[in-house]
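What follows is the content of structure.cif (mmCIF, C-alpha atoms).
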data_coords
loop_
_atom_site.group_PDB
_atom_site.id
_atom_site.type_symbol
_atom_site.label_atom_id
_atom_site.label_comp_id
_atom_site.auth_asym_id
_atom_site.auth_seq_id
_atom_site.Cartn_x
_atom_site.Cartn_y
_atom_site.Cartn_z
ATOM 1 C CA TYR J 1 0.000 0.000 0.000
ATOM 2 C CA LEU J 2 2.715 2.499 0.950
ATOM 3 C CA ARG J 3 4.622 2.022 -2.321
ATOM 4 C CA ASP J 4 1.410 2.545 -4.293
ATOM 5 C CA HIS J 5 1.273 6.071 -2.849
ATOM 6 C CA GLN J 6 4.983 6.906 -3.316
ATOM 7 C CA LEU J 7 5.646 6.401 0.406
ATOM 8 C CA GLY J 8 8.841 4.777 1.601
ATOM 9 C CA SER J 9 9.774 3.192 4.883
ATOM 10 C CA THR J 10 8.016 4.439 8.012
ATOM 11 C CA VAL J 11 11.280 4.176 9.988
ATOM 12 C CA PRO J 12 12.498 7.783 9.428
ATOM 13 C CA VAL J 13 9.084 9.169 10.415
ATOM 14 C CA LEU J 14 8.961 7.068 13.581
ATOM 15 C CA ARG J 15 12.582 7.828 14.517
ATOM 16 C CA LEU J 16 11.921 11.565 14.240
ATOM 17 C CA MET J 17 8.685 11.342 16.231
ATOM 18 C CA ILE J 18 10.234 9.244 19.004
ATOM 19 C CA GLN J 19 13.452 11.285 19.186
ATOM 20 C CA GLN J 20 11.488 14.527 19.497
ATOM 21 C CA SER J 21 9.314 13.065 22.267
ATOM 22 C CA ASN J 22 12.429 12.586 24.401
ATOM 23 C CA CYS J 23 10.883 9.431 25.934
ATOM 24 C CA PHE J 24 13.466 7.033 24.491
ATOM 25 C CA VAL J 25 17.091 7.222 23.395
ATOM 26 C CA ILE J 26 17.382 5.999 19.812
ATOM 27 C CA VAL J 27 20.332 3.777 18.883
ATOM 28 C CA GLU J 28 21.442 3.472 15.274
ATOM 29 C CA ARG J 29 20.935 0.026 13.827
ATOM 30 C CA GLY J 30 19.989 1.088 10.309
ATOM 31 C CA ARG J 31 21.982 2.333 7.333
ATOM 32 C CA ALA J 32 24.085 4.789 9.323
ATOM 33 C CA LEU J 33 25.524 1.875 11.300
ATOM 34 C CA ASN J 34 27.645 1.181 8.202
ATOM 35 C CA GLN J 35 29.299 4.601 8.630
ATOM 36 C CA VAL J 36 29.818 3.928 12.343
ATOM 37 C CA THR J 37 31.404 0.584 11.494
ATOM 38 C CA GLY J 38 33.587 2.304 8.868
ATOM 39 C CA GLU J 39 34.855 4.814 11.432
ATOM 40 C CA ARG J 40 35.669 1.976 13.817
ATOM 41 C CA ALA J 41 37.580 0.189 11.040
ATOM 42 C CA LEU J 42 39.574 3.354 10.345
ATOM 43 C CA GLU J 43 40.449 3.580 14.036
ATOM 44 C CA GLN J 44 41.549 -0.058 14.147
ATOM 45 C CA SER J 45 43.746 0.443 11.066
ATOM 46 C CA GLY J 46 45.526 3.357 12.792
ATOM 47 C CA GLU J 47 44.265 6.005 10.350
ATOM 48 C CA LEU J 48 42.457 8.159 12.962
ATOM 49 C CA ARG J 49 44.154 10.594 15.342
ATOM 50 C CA SER J 50 45.296 9.076 18.573
ATOM 51 C CA GLY J 51 43.007 9.668 21.537
ATOM 52 C CA SER J 52 39.796 9.363 19.474
ATOM 53 C CA ASN J 53 38.496 6.899 22.104
ATOM 54 C CA PHE J 54 36.847 4.397 19.775
ATOM 55 C CA GLY J 55 37.621 1.559 22.159
ATOM 56 C CA LYS J 56 35.365 -1.368 22.864
ATOM 57 C CA GLY J 57 32.343 -0.839 25.077
ATOM 58 C CA GLN J 58 31.391 2.592 23.716
ATOM 59 C CA MET J 59 28.184 1.655 21.871
ATOM 60 C CA ALA J 60 24.874 1.730 23.726
ATOM 61 C CA ALA J 61 22.755 -1.408 23.821
ATOM 62 C CA ALA J 62 19.260 -1.324 22.398
ATOM 63 C CA ASP J 63 17.017 -2.219 25.344
ATOM 64 C CA TYR J 64 13.894 -2.363 23.198
ATOM 65 C CA THR J 65 12.893 -2.923 19.604
ATOM 66 C CA MET J 66 9.832 -1.216 18.155
ATOM 67 C CA SER J 67 7.903 -2.995 15.439
ATOM 68 C CA PRO J 68 5.557 -0.781 13.365
ATOM 69 C CA SER J 69 2.848 -1.881 10.968
ATOM 70 C CA VAL J 70 0.074 -0.309 8.948
ATOM 71 C CA GLN J 71 -3.038 -2.470 9.247
ATOM 72 C CA PHE J 72 -5.319 -0.511 6.998
ATOM 73 C CA ALA J 73 -4.832 2.544 4.907
ATOM 74 C CA ASP J 74 -7.177 3.377 2.101
ATOM 75 C CA LYS J 75 -9.100 6.148 0.498
ATOM 76 C CA THR J 76 -12.785 5.721 1.156
ATOM 77 C CA SER J 77 -15.225 6.171 -1.659
ATOM 78 C CA LYS J 78 -16.211 9.615 -2.741
ATOM 79 C CA VAL J 79 -18.971 11.261 -0.764
ATOM 80 C CA GLY J 80 -21.930 12.984 -2.284
ATOM 81 C CA GLY J 81 -23.470 11.087 -5.231
ATOM 82 C CA PHE J 82 -26.925 12.089 -4.018
ATOM 83 C CA LEU J 83 -25.794 15.663 -3.356
ATOM 84 C CA GLY J 84 -24.293 16.056 -6.829
ATOM 85 C CA GLY J 85 -27.686 15.906 -8.500
ATOM 86 C CA ARG J 86 -29.348 18.192 -5.957
ATOM 87 C CA LEU J 87 -26.792 20.962 -5.429
ATOM 88 C CA GLY J 88 -25.228 21.537 -8.860
ATOM 89 C CA VAL J 89 -21.643 22.872 -8.621
ATOM 90 C CA LEU J 90 -21.498 22.599 -4.835
ATOM 91 C CA GLY J 91 -22.761 19.042 -5.070
ATOM 92 C CA SER J 92 -20.125 18.132 -7.640
ATOM 93 C CA LEU J 93 -17.422 19.509 -5.344
ATOM 94 C CA ALA J 94 -18.892 17.549 -2.440
ATOM 95 C CA GLY J 95 -18.841 14.512 -4.730
ATOM 96 C CA ASN J 96 -15.038 14.854 -4.939
ATOM 97 C CA VAL J 97 -14.480 14.650 -1.190
ATOM 98 C CA GLY J 98 -12.817 11.428 -0.083
ATOM 99 C CA ALA J 99 -11.458 10.385 3.285
ATOM 100 C CA ASN J 100 -8.014 8.893 3.787
ATOM 101 C CA GLU J 101 -7.911 6.550 6.767
ATOM 102 C CA ALA J 102 -5.084 4.637 8.410
ATOM 103 C CA SER J 103 -4.819 2.259 11.314
ATOM 104 C CA THR J 104 -1.393 1.475 12.723
ATOM 105 C CA THR J 105 0.120 -0.732 15.395
ATOM 106 C CA LEU J 106 3.322 -0.308 17.363
ATOM 107 C CA LEU J 107 4.775 -3.203 19.333
ATOM 108 C CA LEU J 108 7.549 -2.702 21.888
ATOM 109 C CA ILE J 109 9.724 -5.751 22.578
ATOM 110 C CA ASP J 110 12.222 -6.077 25.428
ATOM 111 C CA ASN J 111 15.447 -7.244 23.729
ATOM 112 C CA ARG J 112 16.764 -9.003 26.849
ATOM 113 C CA SER J 113 13.768 -11.251 27.415
ATOM 114 C CA GLY J 114 12.002 -11.199 24.048
ATOM 115 C CA VAL J 115 8.822 -10.214 25.895
ATOM 116 C CA GLN J 116 6.366 -7.926 24.143
ATOM 117 C CA VAL J 117 6.069 -5.065 26.632
ATOM 118 C CA SER J 118 3.466 -2.966 24.867
ATOM 119 C CA ALA J 119 1.096 -3.002 21.933
ATOM 120 C CA ALA J 120 -0.696 0.144 20.865
ATOM 121 C CA GLU J 121 -3.083 0.817 18.018
ATOM 122 C CA GLY J 122 -3.745 4.210 16.511
ATOM 123 C CA SER J 123 -5.918 5.584 13.775
ATOM 124 C CA ALA J 124 -6.388 8.789 11.847
ATOM 125 C CA ARG J 125 -8.528 10.204 9.080
ATOM 126 C CA ASN J 126 -8.236 13.217 6.826
ATOM 127 C CA PHE J 127 -10.264 14.485 3.921
ATOM 128 C CA ASP J 128 -9.116 14.987 0.359
ATOM 129 C CA PHE J 129 -11.112 17.585 -1.551
ATOM 130 C CA GLY J 130 -10.636 16.247 -5.099
ATOM 131 C CA PHE J 131 -10.602 19.477 -7.155
ATOM 132 C CA PHE J 132 -9.157 21.744 -4.470
ATOM 133 C CA GLY J 133 -6.681 19.090 -3.352
ATOM 134 C CA ALA J 134 -5.351 18.797 -6.886
ATOM 135 C CA ALA J 135 -5.120 22.571 -7.214
ATOM 136 C CA PHE J 136 -3.274 23.159 -3.967
ATOM 137 C CA THR J 137 -1.089 20.055 -3.658
ATOM 138 C CA GLY J 138 0.128 19.657 -7.243
ATOM 139 C CA GLY J 139 3.869 19.019 -7.442
ATOM 140 C CA LEU J 140 4.291 18.467 -3.699
ATOM 141 C CA VAL J 141 5.092 14.761 -3.768
ATOM 142 C CA GLY J 142 8.781 14.649 -2.582
ATOM 143 C CA GLY J 143 10.340 15.281 0.797
ATOM 144 C CA ALA J 144 10.317 12.789 3.653
ATOM 145 C CA GLY J 145 9.320 10.061 1.244
ATOM 146 C CA GLY J 146 5.961 11.740 0.722
ATOM 147 C CA TYR J 147 4.908 11.573 4.376
ATOM 148 C CA ALA J 148 4.889 15.358 4.778
ATOM 149 C CA ASN J 149 3.377 16.152 1.412
ATOM 150 C CA THR J 150 0.721 13.603 0.538
ATOM 151 C CA PRO J 151 -2.697 13.066 2.117
ATOM 152 C CA GLN J 152 -1.900 9.369 2.565
ATOM 153 C CA GLY J 153 1.477 10.117 4.167
ATOM 154 C CA LYS J 154 -0.030 12.641 6.533
ATOM 155 C CA VAL J 155 -2.768 10.270 7.675
ATOM 156 C CA VAL J 156 -0.301 7.391 8.218
ATOM 157 C CA THR J 157 1.949 9.749 10.226
ATOM 158 C CA ALA J 158 -1.027 10.917 12.313
ATOM 159 C CA ALA J 159 -2.054 7.307 12.960
ATOM 160 C CA PHE J 160 1.479 6.450 14.124
ATOM 161 C CA ALA J 161 1.449 9.534 16.378
ATOM 162 C CA ASP J 162 -1.799 8.264 17.881
ATOM 163 C CA SER J 163 -0.278 4.774 18.370
ATOM 164 C CA TYR J 164 2.861 6.222 19.934
ATOM 165 C CA ASN J 165 0.939 8.516 22.290
ATOM 166 C CA GLN J 166 -1.156 5.574 23.453
ATOM 167 C CA MET J 167 1.978 3.475 23.948
ATOM 168 C CA VAL J 168 3.674 6.136 26.063
ATOM 169 C CA GLN J 169 0.531 6.492 28.193
ATOM 170 C CA SER J 170 0.316 2.735 28.797
ATOM 171 C CA LEU J 171 4.045 2.463 29.595
ATOM 172 C CA ARG J 172 3.723 5.058 32.366
ATOM 173 C CA ASN J 173 1.806 2.427 34.346
ATOM 174 C CA TYR J 174 3.958 -0.519 33.231
ATOM 175 C CA LYS J 175 5.317 -2.807 35.910
ATOM 176 C CA ALA J 176 7.794 -5.457 34.823
ATOM 177 C CA GLN J 177 6.529 -8.946 35.457
ATOM 178 C CA THR J 178 8.578 -11.253 37.581
ATOM 179 C CA VAL J 179 8.749 -14.838 36.489
ATOM 180 C CA LYS J 180 10.312 -17.554 38.590
ATOM 181 C CA GLY J 181 13.604 -18.575 37.016
ATOM 182 C CA GLY J 182 14.097 -15.503 34.862
#
Would you kindly transcribe this structure into structure tokens?
Amino acid sequence: YLRDHQLGSTVPVLRLMIQQSNCFVIVERGRALNQVTGERALEQSGELRSGSNFGKGQMAAADYTMSPSVQFADKTSKVGGFLGGRLGVLGSLAGNVGANEASTTLLLIDNRSGVQVSAAEGSARNFDFGFFGAAFTGGLVGGAGGYANTPQGKVVTAAFADSYNQMVQSLRNYKAQTVKGG
């Protein structure tokens, strides 16, 4: 679904959202880890200045892994067939109104135990005004993989924000379970 709407991975959107919330410290385990590994290789080969302190034990462990998914995201059918015949021009504009909806889930897994600590679902809806939407959003499909500039991207982002807010709320009351033997 995301590729059909020129949307890429949700990871950059979620990383930005979570980093800005200041609730978690994000560790790099994506593409930039290759650059980190490259810097460490340069240090080991003796190419970096002495005293750069790239010794073992410097990297932070990832305590949790977050697993995002989009359950449903679709443009609902156009509204207004009945209105189109009754209201003329206004009815035809109303006939071009469609709603974009998304439902998302975020799972939080404790990396030490493999236990799923939290599951949160979020949803969002926005409206796309066919004629006006085309007039005012033409040519704005780039940036942030389309999440900032497309109706579908915006609604998926809003649904993830809803999921994340619900997750943070539920984690405030979280008490780690104790299990005999581990």
What does the PyMOL selection byres ((chain J and resi 63) around 8) select in this file, as an NGL selection string?
-> :J and (61-62 or 64-65 or 110-112)
Go through the shown structure with the PyMOL selection byres ((chain J and resi 15) around 12) and write out the matching residues as a list of chain:residue names.
-> J:Ser9, J:Thr10, J:Val11, J:Pro12, J:Val13, J:Leu14, J:Leu16, J:Met17, J:Ile18, J:Gln19, J:Gln20, J:Ser21, J:Asn22, J:Cys23, J:Phe24, J:Val25, J:Ile26, J:Val27, J:Glu28, J:Arg29, J:Gly30, J:Thr65, J:Met66, J:Ser67, J:Pro68, J:Thr157, J:Phe160, J:Ala161, J:Tyr164
Using the file's own x, y and z axes, what box holds all listed atoms of segment 99-107 of chain J with 5 Å on each side, keeping edges along x, y and z, and what are its centre and edge lengths in Å to one decimal, as AutoDock Vina command-line options?
--center_x -3.3 --center_y 3.6 --center_z 11.3 --size_x 26.2 --size_y 23.6 --size_z 26.0
Straight-line distance linking atom CA of Ser103 of chain J with atom CA of Ala158 of chain J, stated in Å to one decimal | 9.5 Å
Exactly which residues make up the result of the PyMOL selection byres ((chain J and resi 152-156) around 7) on this file, given as a ChimeraX atom specification?
-> /J:7,100-102,124-126,146-151,157-160
